[in-house]
Each structure stands twice: as structure tokens, then as C-alpha cells.
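Colleague: Dropping a structure here in C-alpha cells format, bear with me for questions.
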Amino acid sequence: MHTRTRCRSGLLSASFIFWLASPVHAQKLSVNWEELTAADFAQAIKLAQNTCVLPFGIIEKHGPHLPLGTDLINARYAAVHGSEAEYAVVFPQYYFGQIFEAKQEPGTVAYSAALQLQLLQETTDEMARNGCKKILIVNGHGGNNNLLPYFAQSQLAKRHDYVVYALLSPRYSASRPPLHSNPDMHAGESETSNTLGSRPDLVHLDRANQESGEDRNRLDLPEGVYTGIWWYAKFPDHYAGNGAAANKELGEFDMQSWTASVSNALRAIKSDNVSMRLQNEFFEKSQHPLDTPQ
């Protein structure tokens with residue numbers, strides 16, 4: 001005879017209660033931080049082995065045919081699906097990155113450089129305080145490709161009880177469908193195809209040819225000389241490529257590859273016990289640099 005517990009909907013058997021607490025049920029926990037109750041969040045962190053994901057996008061113009069949040073939408077798609085395959089807790093929408101080069105376009109949200117770094121640091125600190133001791137930042141925006149390595153490097157400035165990892169871009173195999181346009185950068189064939197895979201309802205392919213995504217190449221500087229206006233000099237409409245060449249086959253391949261890159265990274269990070277050990281060793285030695293053998 002089963003012991004029974006009364007609830008609003010009637011009687012629950014002890015075997016059913018046991019099922020609710022079982023690992024099988026735990027696998028049904030949402031990966032989305034904001035969807036979890038406080039109690040479920042604590043369980044999710046344990047299930048994730050203290051591993052969390054911070055998808056990092058931006059709010060900016062994406063040609064005449066893609067939504068302002070394209071980077072955020074695609075990065076979060078890959079992060080969520082990758083975390084469902086290799087369980088991790090995914091932080092809510094985060095778009096506080098580097099996008100000064102698009103401030104002339106409507107809808108762009110560009111925070112100061114100091115605030116970008118402070119907010120990112122406090123976000124990872126708060127994630128760690130809530131149990132995320134291994135944090136994978138999944139980047140969806142090219143403008144963050146310099147910011148994120150710098151941020152990861154800056155973690156050595158002071159002791160932390162967690163490790164930051166950054167996945168700057170997915171890895172594609174040789175079987176990737178061929179591209180039909182050049183250049184293929186911002187809001188071009190690949191990014192438009194990817195959004196056809198993640199949110200096709202937000203893609204307006206009929207508008208893709210309303211502006212030109214050709215390289216205007218308005219600067220003449222020696223190789224190796226950098227200036228911040230380089231992007232505007234090349235692509236003043238903040239569109240680099242031909243979104244009209246996008247296709248669903250390429251988008252599905254890319255998003256599956258990106259998702260696999262996330263799950264593979266999470267798998268490796270969960271088994272990584274070296275980074276934290278070396279980080280602690282470094283912090284200890286950095287307090288006594290004269291004792292470091294030369």
C-alpha cells in the first residue's frame with residue numbers, strides 16, 4: 001500500500017513524489033536562468049556542475065532586412081540549444097558590449113567603455129556568487145572579439161573563485177555549404193542565413209537589396225596601421241555583404257555547428273580542473289613576485 005500525500009489536485013503517491021525528485025525529472029529543468037524558481041535554480045546549478053553560459057549579443061542595425069537584436073538572438077539560440085545538449089544554466093539577455101561604430105544608425109544602444117567592462121565584471125561576479133564557478137561567454141557580435149579576450153585577461157588582475165571562458169566564434173567543418181557572395185560579414189549571406197535558422201519570422205529577405213553592402217574602401221593606409229573609423233570607411237550603411245543570397249540550408253548548418261560548438265565547449269569546461277588550479281597558483285605567486293625562481 002502506497003503512502004499518499006494530499007495536494008490541491010488530489011492525492012499523489014509516494015512513487016510519484018520520488019519521480020519528481022529523481023535525476024530524470026531534474027533533466028527537465030529549464031536551462032534558462034529567468035525561467036527557474038529559486039529552488040529549481042539551486043538544483044539546476046548542481047545539475048550543471050556549477051557551469052553557466054552568458055550569451056553576449058548587441059543591439060545594432062543589421063542591414064535593411066534583419067532585426068536590431070540579431071546577434072543577441074543567434075547567440076542565445078546557440079547557447080540555449082547547446083546547454084540543452086550539455087546541461088548548463090543560461091544567463092538572461094545580455095547586450096552591453098562594444099558598438100560605437102554604429103551610433104549613427106537608429107536603434108543602436110552603445111554604452112561607455114568603462115560601463116561595458118564594469119557591468120560585465122559585476123555580472124560574472126554575481127553569476128559566481130550564485131554558484132557559477134565556470135562561466136562560458138558565447139559571443140554573437142564581431143565588435144566583441146577584442147573586448148572579450150581583454151576581459152578574460154583582466155580576470156588575472158585580482159583573485160577570483162571562478163574561471164571565465166570565451167567562445168568567440170563557432171567552428172565549421174569542410175562540409176559547410178558554399179557561399180555565393182563576397183564580402184560576407186555583417187548582415188551578409190551567413191548572418192542572414194543563420195537568422196533564417198533561428199528566427200525566420202524576423203527576416204525580411206525582400207528588403208535585403210534596398211541598401212548596398214559593398215566595401216567602399218575609403219581609407220588608404222599601410223598594412224598593420226589601425227584606426228577606429230575603419231569600419232565606417234568601408235561600410236557606412238552598417239551592412240557588409242549580400243543578405244539576399246541567404247538560404248535555409250546554410251543557416252541550419254551554421255546554427256547546428258554553433259550549437260555543437262557550445263555543447264562541446266561546455267563538456268570540456270566541466271572536465272577542466274586545470275584552469276582553476278593554475279589560476280590559484282598564479283594569484284599566490286603574484287603576491288610574492290621576488291620569490292618566483294628566475
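To be explicit about the labels: the chains of the C-alpha cells are called A, B, and onward in the order shown, and within each one the residues are counted from 1, while ligands get numbers from 1 in the order they are shown.
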Show which residues sit within 6 Å of stretch 210-226 of chain A, as a PyMOL selection string. Count only C-alpha atoms, and ignore same-chain residues fewer than 2 positions away.

Modeller: chain A and resi 207-208+233-235+239-241

Colleague: Residues at most 8 Å from A:Ile45, counting only C-alpha atoms, excluding those fewer than 6 positions away in the same chain, as a PyMOL selection string?

Modeller: chain A and resi 51-52+88-89+131-132

Colleague: Go ahead and write the selection's residues with N, CA and C atoms as a CSV table (one decimal), in the first residue's frame.

Modeller:
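Everything below was put into selection_23.csv:
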```
chain,number,residue,atom,x,y,z
A,51,THR,N,28.4,25.1,-13.9
A,51,THR,CA,28.8,25.7,-15.2
A,51,THR,C,27.6,26.5,-15.8
A,52,CYS,N,27.9,27.7,-16.1
A,52,CYS,CA,26.9,28.6,-16.7
A,52,CYS,C,27.3,29.3,-18.0
A,88,ALA,N,23.6,23.2,-18.8
A,88,ALA,CA,24.2,24.4,-18.2
A,88,ALA,C,23.1,25.4,-18.0
A,89,VAL,N,23.3,26.4,-17.1
A,89,VAL,CA,22.3,27.4,-16.9
A,89,VAL,C,22.7,28.6,-17.7
A,131,GLY,N,26.8,30.5,-7.6
A,131,GLY,CA,27.3,29.2,-7.9
A,131,GLY,C,27.9,28.8,-9.2
A,132,CYS,N,28.0,29.8,-10.1
A,132,CYS,CA,28.6,29.6,-11.4
A,132,CYS,C,30.1,29.8,-11.3
```

Colleague: I'd like a table as CSV: residues in stretch 32-83 of chain A with an atom no more than 8 Å from stretch 177-187 of chain A, each row giving the shortest atom pair and its distance in Å to one decimal, only C-alpha atoms counted, sorted by chain and rising residue number.

Modeller:
```
residue,atom,partner,partner_atom,distance
A:His62,CA,A:Ala187,CA,5.1
A:Gly63,CA,A:Ala187,CA,5.6
A:Leu66,CA,A:Ala187,CA,7.1
```

Colleague: Determine which residues of stretch 11-196 of chain A receive a DSSP assignment of strand (DSSP E or B), computed from the backbone, and state them as a short mmCIF file (atom, residue, chain, number, x, y, z; two decimals) with N, CA and C atoms, in the first residue's frame.

Modeller:
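File written: states29.cif
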```
data_model
loop_
_atom_site.label_atom_id
_atom_site.label_comp_id
_atom_site.auth_asym_id
_atom_site.auth_seq_id
_atom_site.Cartn_x
_atom_site.Cartn_y
_atom_site.Cartn_z
N LEU A 11 -4.59 13.32 -4.66
CA LEU A 11 -3.62 12.53 -3.93
C LEU A 11 -2.45 12.17 -4.82
N LEU A 12 -1.21 12.29 -4.28
CA LEU A 12 -0.01 11.91 -5.00
C LEU A 12 0.61 10.71 -4.31
N SER A 13 0.96 9.70 -5.07
CA SER A 13 1.58 8.52 -4.47
C SER A 13 3.03 8.83 -4.13
N ASN A 32 17.15 28.01 -18.92
CA ASN A 32 17.05 29.47 -18.85
C ASN A 32 16.95 29.95 -17.41
N THR A 51 28.38 25.11 -13.88
CA THR A 51 28.77 25.67 -15.18
C THR A 51 27.62 26.47 -15.77
N CYS A 52 27.89 27.72 -16.15
CA CYS A 52 26.85 28.61 -16.67
C CYS A 52 27.31 29.26 -17.97
N VAL A 53 26.34 29.74 -18.72
CA VAL A 53 26.62 30.35 -20.02
C VAL A 53 26.08 31.77 -20.05
N LEU A 54 26.89 32.69 -20.58
CA LEU A 54 26.48 34.08 -20.77
C LEU A 54 26.50 34.38 -22.26
N PRO A 55 25.34 34.29 -22.94
CA PRO A 55 25.29 34.65 -24.36
C PRO A 55 25.41 36.16 -24.50
N PHE A 56 26.30 36.62 -25.38
CA PHE A 56 26.64 38.04 -25.44
C PHE A 56 26.35 38.56 -26.86
N HIS A 62 21.19 45.81 -38.54
CA HIS A 62 21.70 44.69 -39.32
C HIS A 62 21.13 44.79 -40.73
N PRO A 64 19.13 46.36 -43.99
CA PRO A 64 17.73 46.78 -44.06
C PRO A 64 16.74 45.64 -43.80
N LEU A 66 17.31 42.67 -41.32
CA LEU A 66 17.39 41.84 -40.11
C LEU A 66 17.07 42.67 -38.86
N VAL A 89 23.32 26.35 -17.10
CA VAL A 89 22.33 27.41 -16.85
C VAL A 89 22.70 28.63 -17.68
N VAL A 90 21.73 29.14 -18.45
CA VAL A 90 21.97 30.23 -19.39
C VAL A 90 21.44 31.54 -18.83
N LYS A 134 32.27 28.16 -13.27
CA LYS A 134 32.81 28.09 -14.62
C LYS A 134 31.83 28.79 -15.54
N ILE A 135 32.27 29.90 -16.12
CA ILE A 135 31.37 30.74 -16.92
C ILE A 135 31.85 30.80 -18.35
N LEU A 136 31.02 30.35 -19.27
CA LEU A 136 31.33 30.40 -20.70
C LEU A 136 30.59 31.56 -21.33
N ILE A 137 31.32 32.52 -21.87
CA ILE A 137 30.71 33.63 -22.60
C ILE A 137 30.64 33.25 -24.07
N VAL A 138 29.43 33.17 -24.60
CA VAL A 138 29.22 32.83 -26.02
C VAL A 138 28.99 34.12 -26.78
N ASN A 139 29.94 34.47 -27.62
CA ASN A 139 29.88 35.75 -28.32
C ASN A 139 29.09 35.64 -29.62
N VAL A 163 36.29 30.78 -13.04
CA VAL A 163 37.06 30.91 -14.27
C VAL A 163 36.14 31.38 -15.39
N VAL A 164 36.61 32.34 -16.17
CA VAL A 164 35.88 32.83 -17.34
C VAL A 164 36.47 32.21 -18.61
N TYR A 165 35.61 31.66 -19.43
CA TYR A 165 35.99 31.14 -20.74
C TYR A 165 35.21 31.92 -21.80
N ALA A 166 35.77 32.09 -22.99
CA ALA A 166 35.06 32.80 -24.05
C ALA A 166 35.07 31.97 -25.33
N LEU A 167 33.90 31.77 -25.90
CA LEU A 167 33.76 31.14 -27.21
C LEU A 167 33.48 32.26 -28.20
#
```

Colleague: Closest to A:Glu101 among A:Ala39, A:Val262, A:Ile229, A:Ile269, using only C-alpha atoms?

Modeller: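 Of the candidates, the smallest distance to A:Glu101 is held by A:Ile229.
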
Colleague: Find, counting only C-alpha atoms, the residue in A:Gly97, A:Trp258, A:Gly142, A:Asn130 that gets nearest to A:Trp231.

Modeller: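 Counting only C-alpha atoms, the residue closest to A:Trp231 is A:Gly142.
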
Colleague: For each of A:Ser190, A:Ser271, A:Asn50, A:Asn242, take the minimum atom-to-atom distance to A:Arg176, counting only C-alpha atoms, then give the residue where this is smallest.

Modeller: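 Distance minimum relative to A:Arg176 lands on A:Ser190.
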
Colleague: Here is a test: counting only C-alpha atoms, which residue of A:Lys285, A:Lys270, A:Lys158, A:Arg76 is nearest to A:Gln121?

Modeller: A:Lys158

Colleague: Can you tell me, as number ranges by chain, what residues are no more than 9 Å from A:Phe100 when counting only C-alpha atoms, ignoring any on the same chain fewer than 2 positions away?

Modeller: A: 98, 102-104, 108-112, 143

Colleague: Figure out the distance between atom CA of A:His81 and atom CA of A:Ala265, please, to one decimal in Å.

Modeller: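 Interatomic distance, atom CA of A:Ala265 to atom CA of A:His81: 12.9 Å.
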
Colleague: A:Gly188, A:Pro170, A:Gly69, A:Pro106: which is nearest A:Gly82, counting only C-alpha atoms?

Modeller: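 Residue with the minimum atom-to-atom distance to A:Gly82: A:Pro170.
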
Colleague: For A:Asp201, which of A:Gly251, A:Pro67, A:Gln43, A:Ser173 is the closest residue, counting only C-alpha atoms?

Modeller: A:Pro67

Colleague: Compile the contact shell of A:Asn247 as JSON, numbers by chain: residues with an atom at most 10 Å away, counting only C-alpha atoms, same-chain residues fewer than 6 positions apart removed.

Modeller: {"A": [177, 179, 189, 190, 192, 193, 194, 195, 196, 197, 205]}

Colleague: So that I can see what lies close to A:Leu156, please list as a list of chain:residue names the residues with an atom at most 9 Å from it, counting only C-alpha atoms and leaving out residues fewer than 4 positions away in the same chain.

Modeller: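 Close residues of A:Leu156: A:Ala152, A:His160, A:Gln279, A:Phe282, A:Phe283.
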
Colleague: The selected residues should be written to file as a PDB file, in the first residue's frame (atoms: C-alpha atoms).

Modeller:
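Saved as part-v2.pdb:
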```
ATOM      1  CA  ALA A 152      39.198  37.333 -19.861  1.00  0.00           C
ATOM      2  CA  HIS A 160      38.532  35.217  -8.365  1.00  0.00           C
ATOM      3  CA  GLN A 279      44.738  30.454 -11.615  1.00  0.00           C
ATOM      4  CA  PHE A 282      49.236  32.344 -10.271  1.00  0.00           C
ATOM      5  CA  PHE A 283      47.440  34.518  -7.714  1.00  0.00           C
TER       6      PHE A 283
END
```

Colleague: A:Ala260: which residues within 10 Å, counting only C-alpha atoms, same-chain residues fewer than 2 positions away excluded, as a ChimeraX atom specification?

Modeller: /A:78-79,81-83,85-86,170-172,254-258,262-266
